[in-house]
file run.tsv (TSV, C-alpha atoms (C1' of nucleotides))
chain	number	residue	atom	x	y	z
J	485	MET	CA	0.00	0.00	0.00
J	486	THR	CA	2.91	2.35	0.44
J	487	ALA	CA	2.51	4.28	-2.72
J	488	GLU	CA	6.19	4.72	-3.49
J	489	GLU	CA	7.32	1.15	-3.19
J	490	SER	CA	7.37	0.53	-6.90
J	491	LEU	CA	8.20	2.49	-10.00
J	492	THR	CA	4.85	1.68	-11.51
J	493	HIS	CA	3.14	3.66	-8.81
J	494	SER	CA	5.20	6.80	-9.19
J	495	VAL	CA	3.35	9.73	-10.64
J	496	SER	CA	6.06	10.18	-13.23
J	497	PHE	CA	5.62	6.68	-14.55
J	498	LEU	CA	1.84	6.76	-14.53
J	499	LEU	CA	1.81	10.14	-16.19
J	500	SER	CA	4.13	9.00	-18.90
J	501	LYS	CA	2.23	5.77	-19.58
J	502	LEU	CA	-1.19	7.34	-19.47
J	503	GLY	CA	0.02	10.22	-21.56
J	504	GLN	CA	1.05	7.83	-24.29
J	505	GLU	CA	-2.19	5.95	-23.97
J	506	ALA	CA	-4.31	9.07	-24.14
J	507	ASN	CA	-2.33	10.32	-27.08
J	508	GLY	CA	-2.63	7.03	-28.91
J	509	ARG	CA	-6.37	6.87	-28.49
J	510	PHE	CA	-6.73	10.47	-29.51
J	511	ALA	CA	-4.64	9.77	-32.58
J	512	ASP	CA	-6.98	6.92	-33.53
J	513	ARG	CA	-9.99	9.19	-33.26
J	514	LEU	CA	-8.25	11.88	-35.25
J	515	ALA	CA	-7.07	9.63	-38.05
J	516	PRO	CA	-10.33	9.74	-40.08
J	517	LEU	CA	-9.97	13.52	-40.25
J	518	GLY	CA	-6.49	13.21	-41.66
J	519	LEU	CA	-5.03	14.83	-38.56
J	520	ARG	CA	-2.62	13.83	-35.85
J	521	PRO	CA	-2.56	15.11	-32.26
J	522	ARG	CA	0.18	17.61	-32.85
J	523	HIS	CA	-1.89	19.35	-35.51
J	524	CYS	CA	-4.56	20.05	-32.96
J	525	ALA	CA	-2.39	22.34	-30.90
J	526	VAL	CA	-1.78	24.38	-34.03
J	527	LEU	CA	-5.46	24.60	-34.90
J	528	GLU	CA	-6.13	25.56	-31.32
J	529	LEU	CA	-3.55	28.31	-31.28
J	530	LEU	CA	-4.65	29.70	-34.60
J	531	SER	CA	-8.24	29.88	-33.43
J	532	GLY	CA	-7.08	32.79	-31.31
J	533	GLY	CA	-6.00	34.66	-34.42
J	534	PRO	CA	-3.32	34.55	-37.12
J	535	LEU	CA	0.27	33.83	-36.13
J	536	ALA	CA	3.67	33.69	-37.74
J	537	GLN	CA	5.36	30.32	-38.05
J	538	LEU	CA	8.13	31.10	-35.63
J	539	GLU	CA	5.59	31.99	-32.98
J	540	LEU	CA	3.79	28.76	-33.66
J	541	ALA	CA	7.03	26.83	-33.26
J	542	ARG	CA	7.85	28.57	-30.02
J	543	VAL	CA	4.47	28.04	-28.40
J	544	VAL	CA	3.94	24.47	-29.58
J	545	GLY	CA	7.47	23.67	-28.54
J	546	VAL	CA	8.87	22.25	-31.74
J	547	THR	CA	11.49	23.22	-34.27
J	548	PRO	CA	10.57	25.64	-37.06
J	549	SER	CA	11.21	22.92	-39.62
J	550	VAL	CA	8.58	20.75	-37.99
J	551	VAL	CA	6.10	23.59	-38.25
J	552	VAL	CA	6.75	23.74	-41.96
J	553	ASP	CA	5.74	20.10	-42.33
J	554	MET	CA	2.65	20.43	-40.18
J	555	LEU	CA	1.49	23.47	-42.08
J	556	ASP	CA	2.11	21.74	-45.38
J	557	GLU	CA	-0.22	19.01	-44.24
J	558	LEU	CA	-2.82	21.40	-42.88
J	559	GLU	CA	-2.68	23.43	-46.06
J	560	GLU	CA	-3.22	20.23	-48.00
J	561	LEU	CA	-6.49	19.87	-46.09
J	562	ASP	CA	-7.40	23.49	-46.77
J	563	ALA	CA	-7.40	24.04	-43.03
J	564	VAL	CA	-4.96	26.93	-43.01
J	565	ARG	CA	-3.79	29.62	-45.38
J	566	ARG	CA	-0.28	31.03	-45.59
J	567	THR	CA	0.05	34.64	-46.60
J	568	ARG	CA	3.19	36.74	-46.72
J	569	ASP	CA	3.15	39.53	-44.21
J	570	THR	CA	3.09	42.71	-46.31
J	571	ALA	CA	4.93	44.61	-43.61
J	572	ASP	CA	7.70	42.03	-43.32
J	573	ARG	CA	7.80	39.82	-46.37
J	574	ARG	CA	9.95	37.20	-44.63
J	575	ARG	CA	7.11	36.21	-42.37
J	576	GLN	CA	4.31	33.89	-43.30
J	577	VAL	CA	1.10	34.75	-41.52
J	578	ILE	CA	-0.90	31.64	-40.84
J	579	GLU	CA	-4.63	31.87	-40.70
J	580	LEU	CA	-7.42	29.39	-40.11
J	581	THR	CA	-9.82	28.84	-43.02
J	582	PRO	CA	-13.49	28.01	-42.46
J	583	VAL	CA	-12.51	24.38	-43.04
J	584	GLY	CA	-9.87	24.75	-40.37
J	585	ARG	CA	-12.36	26.22	-37.93
J	586	GLU	CA	-14.71	23.32	-38.55
J	587	LEU	CA	-11.87	20.84	-38.09
J	588	ARG	CA	-10.93	22.47	-34.84
J	589	ARG	CA	-14.51	22.16	-33.66
J	590	GLN	CA	-14.41	18.47	-34.44
J	591	THR	CA	-11.08	17.91	-32.70
J	592	LEU	CA	-12.58	19.45	-29.59
J	593	ALA	CA	-15.51	17.06	-29.73
J	594	LEU	CA	-13.14	14.13	-30.20
J	595	ALA	CA	-11.01	15.29	-27.29
J	596	ARG	CA	-14.11	15.32	-25.13
J	597	GLN	CA	-15.02	11.82	-26.27
J	598	ASN	CA	-11.53	10.72	-25.45
J	599	ASP	CA	-11.71	12.27	-22.01
J	600	ASP	CA	-15.02	10.60	-21.33
J	601	GLU	CA	-13.61	7.26	-22.29
J	602	LEU	CA	-10.51	7.67	-20.17
J	603	LEU	CA	-12.40	8.99	-17.18
J	604	SER	CA	-15.27	6.56	-17.42
J	605	THR	CA	-13.63	4.29	-14.89
J	606	ILE	CA	-13.39	6.85	-12.12
J	607	SER	CA	-15.93	8.96	-10.31
J	608	ALA	CA	-16.90	12.46	-11.34
J	609	THR	CA	-15.28	13.99	-8.28
J	610	GLU	CA	-12.07	12.11	-8.94
J	611	ALA	CA	-12.16	13.24	-12.54
J	612	ALA	CA	-12.62	16.84	-11.47
J	613	ALA	CA	-9.72	16.59	-9.05
J	614	LEU	CA	-7.58	15.04	-11.77
J	615	ARG	CA	-8.42	17.77	-14.22
J	616	GLN	CA	-7.64	20.46	-11.70
J	617	ALA	CA	-4.34	18.94	-10.61
J	618	LEU	CA	-3.19	18.45	-14.19
J	619	GLY	CA	-4.14	21.97	-15.10
J	620	ARG	CA	-2.29	23.42	-12.15
J	621	ILE	CA	0.88	21.50	-12.89
J	622	ALA	CA	0.73	22.29	-16.57
J	623	THR	CA	0.46	26.01	-15.95
J	624	ALA	CA	3.11	25.91	-13.24
J	625	THR	CA	5.59	24.20	-15.52
J	626	GLY	CA	4.79	26.58	-18.34
J	627	LEU	CA	3.33	23.91	-20.58
J	628	ILE	CA	0.19	25.83	-21.29
J	629	SER	CA	-0.04	29.52	-21.75
J	630	LYS	CA	-2.44	31.00	-19.24
L	1269	MET	CA	-13.88	28.83	-16.77
L	1270	THR	CA	-15.84	26.15	-18.59
L	1271	ALA	CA	-13.27	23.46	-18.51
L	1272	GLU	CA	-13.94	22.03	-21.95
L	1273	GLU	CA	-13.86	25.19	-23.98
L	1274	SER	CA	-10.39	24.60	-25.29
L	1275	LEU	CA	-8.31	21.63	-26.31
L	1276	THR	CA	-5.55	22.64	-23.95
L	1277	HIS	CA	-7.85	22.03	-21.01
L	1278	SER	CA	-8.92	18.56	-22.01
L	1279	VAL	CA	-7.57	15.79	-19.83
L	1280	SER	CA	-6.28	13.99	-22.90
L	1281	PHE	CA	-4.17	16.92	-23.95
L	1282	LEU	CA	-2.85	17.66	-20.49
L	1283	LEU	CA	-2.07	14.03	-19.88
L	1284	SER	CA	-0.19	13.75	-23.12
L	1285	LYS	CA	1.80	16.91	-22.58
L	1286	LEU	CA	2.59	16.26	-18.94
L	1287	GLY	CA	3.42	12.68	-19.75
L	1288	GLN	CA	6.05	13.81	-22.22
L	1289	GLU	CA	7.34	16.36	-19.76
L	1290	ALA	CA	7.56	13.88	-16.90
L	1291	ASN	CA	9.24	11.38	-19.15
L	1292	GLY	CA	11.73	13.92	-20.41
L	1293	ARG	CA	12.72	15.02	-16.96
L	1294	PHE	CA	13.00	11.46	-15.79
L	1295	ALA	CA	15.19	10.69	-18.78
L	1296	ASP	CA	17.49	13.55	-17.81
L	1297	ARG	CA	17.84	12.20	-14.30
L	1298	LEU	CA	18.45	8.72	-15.61
L	1299	ALA	CA	21.05	9.67	-18.18
L	1300	PRO	CA	24.02	9.66	-15.75
L	1301	LEU	CA	23.23	6.03	-14.95
L	1302	GLY	CA	23.33	5.11	-18.62
L	1303	LEU	CA	19.64	4.26	-18.54
L	1304	ARG	CA	16.53	5.49	-20.29
L	1305	PRO	CA	12.98	5.41	-18.92
L	1306	ARG	CA	11.98	2.31	-20.81
L	1307	HIS	CA	14.75	0.33	-19.12
L	1308	CYS	CA	13.23	1.06	-15.75
L	1309	ALA	CA	10.10	-0.91	-16.43
L	1310	VAL	CA	12.28	-3.88	-17.25
L	1311	LEU	CA	14.33	-3.55	-14.08
L	1312	GLU	CA	11.11	-3.18	-12.16
L	1313	LEU	CA	9.55	-6.29	-13.63
L	1314	LEU	CA	12.66	-8.36	-13.13
L	1315	SER	CA	12.85	-7.37	-9.50
L	1316	GLY	CA	9.87	-9.66	-9.04
L	1317	GLY	CA	11.87	-12.59	-10.33
L	1318	PRO	CA	13.40	-13.92	-13.56
L	1319	LEU	CA	11.38	-13.73	-16.76
L	1320	ALA	CA	11.65	-14.85	-20.36
L	1321	GLN	CA	12.07	-12.19	-23.02
L	1322	LEU	CA	8.72	-12.76	-24.60
L	1323	GLU	CA	7.03	-12.22	-21.27
L	1324	LEU	CA	9.00	-9.03	-20.84
L	1325	ALA	CA	7.90	-7.85	-24.27
L	1326	ARG	CA	4.28	-8.64	-23.57
L	1327	VAL	CA	4.14	-6.90	-20.20
L	1328	VAL	CA	6.17	-3.86	-21.16
L	1329	GLY	CA	4.15	-3.58	-24.34
L	1330	VAL	CA	6.86	-3.55	-26.95
L	1331	THR	CA	8.03	-5.81	-29.72
L	1332	PRO	CA	10.37	-8.70	-28.92
L	1333	SER	CA	13.04	-7.13	-31.08
L	1334	VAL	CA	12.97	-4.04	-28.90
L	1335	VAL	CA	13.48	-6.18	-25.83
L	1336	VAL	CA	16.59	-7.63	-27.42
L	1337	ASP	CA	18.08	-4.16	-27.75
L	1338	MET	CA	17.14	-3.12	-24.23
L	1339	LEU	CA	18.63	-6.26	-22.76
L	1340	ASP	CA	21.78	-5.83	-24.81
L	1341	GLU	CA	22.16	-2.43	-23.21
L	1342	LEU	CA	21.34	-3.64	-19.73
L	1343	GLU	CA	23.74	-6.53	-20.13
L	1344	GLU	CA	26.38	-4.06	-21.19
L	1345	LEU	CA	25.90	-2.41	-17.80
L	1346	ASP	CA	26.05	-5.77	-16.03
L	1347	ALA	CA	22.54	-5.13	-14.79
L	1348	VAL	CA	21.02	-8.34	-16.12
L	1349	ARG	CA	22.16	-11.82	-17.01
L	1350	ARG	CA	20.80	-13.96	-19.83
L	1351	THR	CA	20.78	-17.70	-19.30
L	1352	ARG	CA	19.29	-20.37	-21.53
L	1353	ASP	CA	16.40	-22.15	-19.92
L	1354	THR	CA	17.62	-25.72	-19.45
L	1355	ALA	CA	14.07	-27.03	-19.75
L	1356	ASP	CA	13.39	-25.17	-22.98
L	1357	ARG	CA	16.57	-24.09	-24.64
L	1358	ARG	CA	14.84	-21.62	-26.92
L	1359	ARG	CA	14.03	-19.36	-24.02
L	1360	GLN	CA	16.41	-16.91	-22.46
L	1361	VAL	CA	15.77	-16.46	-18.78
L	1362	ILE	CA	16.54	-12.91	-17.73
L	1363	GLU	CA	17.71	-12.26	-14.23
L	1364	LEU	CA	18.72	-9.18	-12.30
L	1365	THR	CA	22.32	-9.02	-11.12
L	1366	PRO	CA	23.33	-7.28	-7.89
L	1367	VAL	CA	24.29	-4.31	-10.06
L	1368	GLY	CA	20.82	-4.41	-11.58
L	1369	ARG	CA	19.20	-4.47	-8.18
L	1370	GLU	CA	21.23	-1.47	-7.14
L	1371	LEU	CA	20.35	0.35	-10.35
L	1372	ARG	CA	16.70	-0.36	-9.78
L	1373	ARG	CA	16.98	1.08	-6.30
L	1374	GLN	CA	18.47	4.24	-7.76
L	1375	THR	CA	15.81	4.55	-10.45
L	1376	LEU	CA	13.18	4.42	-7.73
L	1377	ALA	CA	14.89	7.22	-5.86
L	1378	LEU	CA	15.11	9.28	-9.04
L	1379	ALA	CA	11.46	8.64	-9.79
L	1380	ARG	CA	10.61	9.95	-6.36
L	1381	GLN	CA	12.74	13.03	-6.95
L	1382	ASN	CA	10.97	13.53	-10.24
L	1383	ASP	CA	7.57	13.22	-8.61
L	1384	ASP	CA	8.52	15.70	-5.91
L	1385	GLU	CA	9.61	18.18	-8.53
L	1386	LEU	CA	6.48	17.78	-10.62
L	1387	LEU	CA	4.17	17.90	-7.64
L	1388	SER	CA	5.96	20.71	-5.85
L	1389	THR	CA	3.56	23.24	-7.31
L	1390	ILE	CA	0.41	21.68	-5.97
L	1391	SER	CA	-0.80	20.85	-2.49
L	1392	ALA	CA	-0.27	17.51	-0.80
L	1393	THR	CA	-3.97	16.68	-0.93
L	1394	GLU	CA	-4.12	17.52	-4.62
L	1395	ALA	CA	-1.08	15.37	-5.21
L	1396	ALA	CA	-2.66	12.46	-3.38
L	1397	ALA	CA	-5.84	12.82	-5.40
L	1398	LEU	CA	-3.81	12.93	-8.59
L	1399	ARG	CA	-1.87	9.84	-7.69
L	1400	GLN	CA	-5.04	7.97	-6.83
L	1401	ALA	CA	-6.87	8.97	-9.99
L	1402	LEU	CA	-3.93	8.07	-12.22
L	1403	GLY	CA	-3.52	4.73	-10.51
L	1404	ARG	CA	-7.18	3.91	-10.90
L	1405	ILE	CA	-7.24	4.75	-14.58
L	1406	ALA	CA	-4.02	2.91	-15.25
L	1407	THR	CA	-5.29	-0.27	-13.66
L	1408	ALA	CA	-8.67	0.08	-15.33
L	1409	THR	CA	-7.11	0.40	-18.76
L	1410	GLY	CA	-4.80	-2.51	-18.07
L	1411	LEU	CA	-1.67	-0.40	-18.22
L	1412	ILE	CA	-0.31	-1.70	-14.97
L	1413	SER	CA	-0.65	-5.22	-13.74
L	1414	LYS	CA	-2.31	-5.27	-10.36
T	15	DA	C1'	12.10	-42.41	-34.45
T	16	DC	C1'	10.99	-38.88	-37.94
T	17	DC	C1'	8.89	-35.03	-40.08
T	18	DG	C1'	6.18	-30.95	-40.20
T	19	DT	C1'	4.77	-27.17	-37.63
T	20	DA	C1'	5.00	-23.91	-33.83
T	21	DT	C1'	7.68	-21.00	-30.80
T	22	DC	C1'	11.62	-18.09	-28.96
T	23	DA	C1'	15.34	-15.04	-29.73
T	24	DT	C1'	17.70	-12.45	-32.98
T	25	DT	C1'	18.87	-9.76	-37.12
T	26	DC	C1'	17.70	-6.67	-40.65
T	27	DG	C1'	15.63	-3.13	-43.27
T	28	DC	C1'	12.04	0.28	-43.07
T	29	DA	C1'	9.20	4.34	-41.83
T	30	DA	C1'	7.94	8.10	-38.65
T	31	DG	C1'	9.23	12.01	-36.01
T	32	DC	C1'	12.18	15.36	-34.64
T	33	DC	C1'	16.37	18.02	-34.69
T	34	DG	C1'	20.29	21.03	-36.37
T	35	DA	C1'	22.96	22.91	-40.11
T	36	DA	C1'	22.90	25.00	-44.54
T	37	DT	C1'	20.29	27.98	-47.79
T	38	DC	C1'	17.54	31.67	-49.63
T	39	DA	C1'	14.86	35.76	-49.36
T	40	DT	C1'	14.10	39.82	-46.96
T	41	DA	C1'	14.79	43.39	-43.44
T	42	DT	C1'	17.52	46.63	-40.66
T	43	DG	C1'	21.25	49.43	-38.93
T	44	DG	C1'	25.57	51.74	-39.64
N	148	DC	C1'	24.92	50.57	-49.90
N	149	DC	C1'	26.90	46.92	-47.47
N	150	DA	C1'	27.07	43.78	-43.35
N	151	DT	C1'	24.54	41.44	-40.35
N	152	DA	C1'	20.27	39.50	-38.49
N	153	DT	C1'	15.96	37.09	-39.03
N	154	DG	C1'	12.01	34.15	-40.99
N	155	DA	C1'	10.94	30.16	-43.76
N	156	DT	C1'	12.50	26.26	-46.07
N	157	DT	C1'	15.28	22.23	-47.42
N	158	DC	C1'	18.15	18.54	-46.41
N	159	DG	C1'	20.59	14.94	-44.02
N	160	DG	C1'	20.95	12.42	-39.87
N	161	DC	C1'	19.61	10.35	-35.59
N	162	DT	C1'	16.57	7.74	-32.67
N	163	DT	C1'	12.87	4.61	-31.86
N	164	DG	C1'	9.76	1.50	-32.87
N	165	DC	C1'	7.80	-2.03	-35.96
N	166	DG	C1'	7.29	-6.24	-38.96
N	167	DA	C1'	9.29	-9.68	-41.86
N	168	DA	C1'	12.90	-13.09	-42.45
N	169	DT	C1'	16.25	-16.37	-40.04
N	170	DG	C1'	18.00	-19.93	-37.12
N	171	DA	C1'	17.65	-22.81	-33.22
N	172	DT	C1'	14.86	-25.64	-30.51
N	173	DA	C1'	10.56	-28.00	-29.00
N	174	DC	C1'	6.46	-30.73	-29.76
N	175	DG	C1'	2.69	-33.52	-31.81
N	176	DG	C1'	1.17	-36.93	-35.03
N	177	DT	C1'	2.05	-40.90	-37.34
call {"tool": "encode", "arguments": {"input": "run.tsv", "output": "structure tokens"}}
result
Amino acid sequence: MTAEESLTHSVSFLLSKLGQEANGRFADRLAPLGLRPRHCAVLELLSGGPLAQLELARVVGVTPSVVVDMLDELEELDAVRRTRDTADRRRQVIELTPVGRELRRQTLALARQNDDELLSTISATEAAALRQALGRIATATGLISK
Amino acid sequence: MTAEESLTHSVSFLLSKLGQEANGRFADRLAPLGLRPRHCAVLELLSGGPLAQLELARVVGVTPSVVVDMLDELEELDAVRRTRDTADRRRQVIELTPVGRELRRQTLALARQNDDELLSTISATEAAALRQALGRIATATGLISK
DNA sequence: ACCGTATCATTCGCAAGCCGAATCATATGG
DNA sequence: CCATATGATTCGGCTTGCGAATGATACGGT
């Protein structure tokens, strides 16, 4: 019963395992849309307004070259539009298209489904506590913006 | 305040992100020992007694070929010993060496350190709730054995 | 006792995902 | 007007995992 007796009961281990699991399931749900989890963060960010690629890279936490690939794929789906910034023609301003907005709406619904599935085995109060604790840690470690 | 308004507040997203973060930090702590997170699960399992490689693969949730690599690395560190099963000479019986036991002890300590760091930003009661919720979900989804 | 089939470990080549360095266009300051 | 900095892009490489062959050994049927 002593919670720390084994690695498999450490929060770090559980977090890592469950994180993979959650991500995998989410990926499965996303697949029919032609999206992968990492695209969702981009759609999410862009829903707040247009951004330059470097900003996107910084906030999402990946290399600029990765952003290029992701945007290529999103552009392929007509989800985003790249337009040169007229003020600074080096920058690409990335903007959500109506298709992109709709896709984002769907990813949110799928995320909720995924949550429901994952949390179905615990009580509502436990789920609420979990959500709160995760949110607090994520903000404290700077993983999510506000 | 409505928790589901954005993707970044879904449990799936937070779990995935924090899982990566926890894993990354754990990996950093492990690096000086010459280990990576995935090795820890193996050390942990073997601490319960010798196992065949296929069993290891099944429980850890990776391909047999991956187990070969991991064991090669652990053997390089003198942490495990491979011996042919005399009853069935196809099987390799994997056993922890004293070095392996010591390494496992250290990985546990590092996992605790990692937990403390991650949980330092939330209260003890929140941390307990988090640990409980994660454990429940992990067992329910069959991610950890008992 | 022998042969075909199944099983375990291992090797090998492959694909995905991400990074860092090099490149090109454009901007900015002296 | 030139030197330097910056944004996007391309390219090559590294890591990690998988799945398909391979080789050794076991096992069941005849």
call {"tool": "atom_distance", "arguments": {"input": "run.tsv", "atom1": "CA of Ala563 (chain J)", "atom2": "C1' of DA155 (chain N)"}}
result
19.3 Å
call {"tool": "closest_atom_pairs", "arguments": {"input": "run.tsv", "of": "chain T", "to": "chain J", "cutoff": "8 Å", "atoms": "only C-alpha atoms (C1' of nucleotides)", "output": "Markdown table"}}
result
| residue | atom | partner | partner_atom | distance |
| --- | --- | --- | --- | --- |
| T:DC32 | C1' | J:Val550 | CA | 7.3 |
| T:DC33 | C1' | J:Thr547 | CA | 7.1 |
| T:DA39 | C1' | J:Arg574 | CA | 7.0 |
| T:DT40 | C1' | J:Arg574 | CA | 5.4 |
| T:DA41 | C1' | J:Asp572 | CA | 7.2 |
call {"tool": "closest_residue", "arguments": {"input": "run.tsv", "among": "L:Gln1400, L:Thr1409, L:Thr1354, L:Thr1375", "to": "chain N", "atoms": "all atoms listed in the file"}}
result
L:Thr1354
call {"tool": "closest_atom_pairs", "arguments": {"input": "run.tsv", "of": "chain N", "to": "chain L", "cutoff": "10 Å", "atoms": "all atoms listed in the file", "output": "Markdown table"}}
result
| residue | atom | partner | partner_atom | distance |
| --- | --- | --- | --- | --- |
| N:DT163 | C1' | L:Val1334 | CA | 9.1 |
| N:DG164 | C1' | L:Val1334 | CA | 7.5 |
| N:DC165 | C1' | L:Thr1331 | CA | 7.3 |
| N:DG166 | C1' | L:Thr1331 | CA | 9.3 |
| N:DA171 | C1' | L:Arg1358 | CA | 7.0 |
| N:DT172 | C1' | L:Arg1358 | CA | 5.4 |
| N:DA173 | C1' | L:Asp1356 | CA | 7.2 |
call {"tool": "interface_residues", "arguments": {"input": "run.tsv", "of": "chain J", "to": "chain L", "cutoff": "9 Å", "atoms": "all atoms listed in the file", "output": "PyMOL selection string"}}
result
chain J and resi 487-507+510+521+524-525+528+588+591-592+595-596+598-599+602-606+610-611+613-622+624-625+627-628
call {"tool": "calpha_fit_and_write", "arguments": {"input": "run.tsv", "fixed": "chain J", "moving": "chain L", "output": "compact mmCIF listing (two decimals) with C-alpha atoms, keeping the file's coordinate frame"}}
result
# COMPACT_ATOMS: atom_id res chain seq x y z
CA MET L 1269 -0.04 0.01 0.00
CA THR L 1270 2.90 2.36 0.43
CA ALA L 1271 2.50 4.30 -2.71
CA GLU L 1272 6.18 4.71 -3.52
CA GLU L 1273 7.30 1.14 -3.19
CA SER L 1274 7.37 0.51 -6.89
CA LEU L 1275 8.21 2.49 -9.99
CA THR L 1276 4.85 1.68 -11.51
CA HIS L 1277 3.14 3.66 -8.78
CA SER L 1278 5.20 6.79 -9.17
CA VAL L 1279 3.34 9.74 -10.64
CA SER L 1280 6.06 10.16 -13.24
CA PHE L 1281 5.62 6.67 -14.54
CA LEU L 1282 1.84 6.77 -14.53
CA LEU L 1283 1.81 10.14 -16.19
CA SER L 1284 4.13 8.98 -18.90
CA LYS L 1285 2.24 5.79 -19.58
CA LEU L 1286 -1.21 7.35 -19.46
CA GLY L 1287 0.02 10.22 -21.56
CA GLN L 1288 1.07 7.84 -24.29
CA GLU L 1289 -2.18 5.96 -23.98
CA ALA L 1290 -4.31 9.09 -24.14
CA ASN L 1291 -2.32 10.34 -27.07
CA GLY L 1292 -2.63 7.05 -28.90
CA ARG L 1293 -6.36 6.89 -28.48
CA PHE L 1294 -6.74 10.48 -29.51
CA ALA L 1295 -4.64 9.78 -32.58
CA ASP L 1296 -6.97 6.93 -33.51
CA ARG L 1297 -9.99 9.20 -33.25
CA LEU L 1298 -8.25 11.87 -35.26
CA ALA L 1299 -7.06 9.63 -38.05
CA PRO L 1300 -10.33 9.74 -40.06
CA LEU L 1301 -9.97 13.52 -40.24
CA GLY L 1302 -6.47 13.21 -41.66
CA LEU L 1303 -5.04 14.83 -38.55
CA ARG L 1304 -2.61 13.83 -35.84
CA PRO L 1305 -2.56 15.11 -32.26
CA ARG L 1306 0.19 17.61 -32.85
CA HIS L 1307 -1.90 19.35 -35.50
CA CYS L 1308 -4.57 20.06 -32.94
CA ALA L 1309 -2.40 22.36 -30.90
CA VAL L 1310 -1.78 24.37 -34.03
CA LEU L 1311 -5.47 24.60 -34.89
CA GLU L 1312 -6.14 25.56 -31.31
CA LEU L 1313 -3.56 28.32 -31.28
CA LEU L 1314 -4.68 29.71 -34.60
CA SER L 1315 -8.25 29.88 -33.44
CA GLY L 1316 -7.10 32.80 -31.32
CA GLY L 1317 -6.00 34.67 -34.41
CA PRO L 1318 -3.33 34.56 -37.12
CA LEU L 1319 0.26 33.83 -36.13
CA ALA L 1320 3.67 33.69 -37.75
CA GLN L 1321 5.35 30.31 -38.05
CA LEU L 1322 8.11 31.08 -35.64
CA GLU L 1323 5.58 31.99 -32.99
CA LEU L 1324 3.78 28.74 -33.67
CA ALA L 1325 7.03 26.82 -33.28
CA ARG L 1326 7.86 28.57 -30.04
CA VAL L 1327 4.47 28.04 -28.42
CA VAL L 1328 3.95 24.48 -29.59
CA GLY L 1329 7.50 23.68 -28.57
CA VAL L 1330 8.89 22.24 -31.76
CA THR L 1331 11.48 23.22 -34.30
CA PRO L 1332 10.55 25.62 -37.10
CA SER L 1333 11.21 22.91 -39.64
CA VAL L 1334 8.58 20.75 -38.00
CA VAL L 1335 6.08 23.57 -38.26
CA VAL L 1336 6.72 23.73 -41.99
CA ASP L 1337 5.73 20.10 -42.35
CA MET L 1338 2.64 20.43 -40.18
CA LEU L 1339 1.46 23.47 -42.09
CA ASP L 1340 2.10 21.74 -45.40
CA GLU L 1341 -0.23 19.01 -44.23
CA LEU L 1342 -2.83 21.39 -42.88
CA GLU L 1343 -2.69 23.41 -46.07
CA GLU L 1344 -3.22 20.22 -48.00
CA LEU L 1345 -6.49 19.85 -46.09
CA ASP L 1346 -7.41 23.47 -46.77
CA ALA L 1347 -7.42 24.04 -43.03
CA VAL L 1348 -4.96 26.93 -43.03
CA ARG L 1349 -3.80 29.62 -45.40
CA ARG L 1350 -0.28 31.02 -45.62
CA THR L 1351 0.07 34.65 -46.62
CA ARG L 1352 3.21 36.75 -46.72
CA ASP L 1353 3.18 39.53 -44.20
CA THR L 1354 3.10 42.71 -46.28
CA ALA L 1355 4.93 44.61 -43.55
CA ASP L 1356 7.70 42.04 -43.27
CA ARG L 1357 7.83 39.83 -46.29
CA ARG L 1358 9.97 37.21 -44.60
CA ARG L 1359 7.13 36.20 -42.34
CA GLN L 1360 4.33 33.90 -43.30
CA VAL L 1361 1.12 34.76 -41.54
CA ILE L 1362 -0.89 31.64 -40.84
CA GLU L 1363 -4.63 31.87 -40.71
CA LEU L 1364 -7.42 29.40 -40.12
CA THR L 1365 -9.81 28.82 -43.00
CA PRO L 1366 -13.49 28.00 -42.47
CA VAL L 1367 -12.52 24.37 -43.03
CA GLY L 1368 -9.87 24.75 -40.34
CA ARG L 1369 -12.36 26.21 -37.93
CA GLU L 1370 -14.69 23.32 -38.54
CA LEU L 1371 -11.87 20.83 -38.09
CA ARG L 1372 -10.92 22.47 -34.84
CA ARG L 1373 -14.49 22.15 -33.66
CA GLN L 1374 -14.40 18.45 -34.44
CA THR L 1375 -11.07 17.91 -32.69
CA LEU L 1376 -12.57 19.45 -29.58
CA ALA L 1377 -15.49 17.07 -29.73
CA LEU L 1378 -13.14 14.13 -30.19
CA ALA L 1379 -11.01 15.29 -27.29
CA ARG L 1380 -14.11 15.33 -25.14
CA GLN L 1381 -15.01 11.83 -26.28
CA ASN L 1382 -11.50 10.73 -25.45
CA ASP L 1383 -11.69 12.27 -22.00
CA ASP L 1384 -15.03 10.61 -21.33
CA GLU L 1385 -13.59 7.26 -22.29
CA LEU L 1386 -10.48 7.67 -20.17
CA LEU L 1387 -12.39 8.99 -17.19
CA SER L 1388 -15.27 6.56 -17.44
CA THR L 1389 -13.64 4.29 -14.89
CA ILE L 1390 -13.38 6.84 -12.13
CA SER L 1391 -15.93 8.96 -10.31
CA ALA L 1392 -16.92 12.45 -11.35
CA THR L 1393 -15.29 13.99 -8.28
CA GLU L 1394 -12.07 12.10 -8.93
CA ALA L 1395 -12.15 13.24 -12.52
CA ALA L 1396 -12.61 16.85 -11.48
CA ALA L 1397 -9.72 16.59 -9.05
CA LEU L 1398 -7.57 15.05 -11.76
CA ARG L 1399 -8.41 17.76 -14.23
CA GLN L 1400 -7.64 20.45 -11.69
CA ALA L 1401 -4.34 18.95 -10.61
CA LEU L 1402 -3.17 18.44 -14.19
CA GLY L 1403 -4.13 21.97 -15.11
CA ARG L 1404 -2.29 23.41 -12.16
CA ILE L 1405 0.89 21.51 -12.88
CA ALA L 1406 0.75 22.29 -16.57
CA THR L 1407 0.46 26.01 -15.95
CA ALA L 1408 3.11 25.91 -13.25
CA THR L 1409 5.59 24.20 -15.53
CA GLY L 1410 4.78 26.60 -18.34
CA LEU L 1411 3.33 23.91 -20.57
CA ILE L 1412 0.18 25.83 -21.28
CA SER L 1413 -0.04 29.54 -21.72
CA LYS L 1414 -2.51 31.00 -19.27
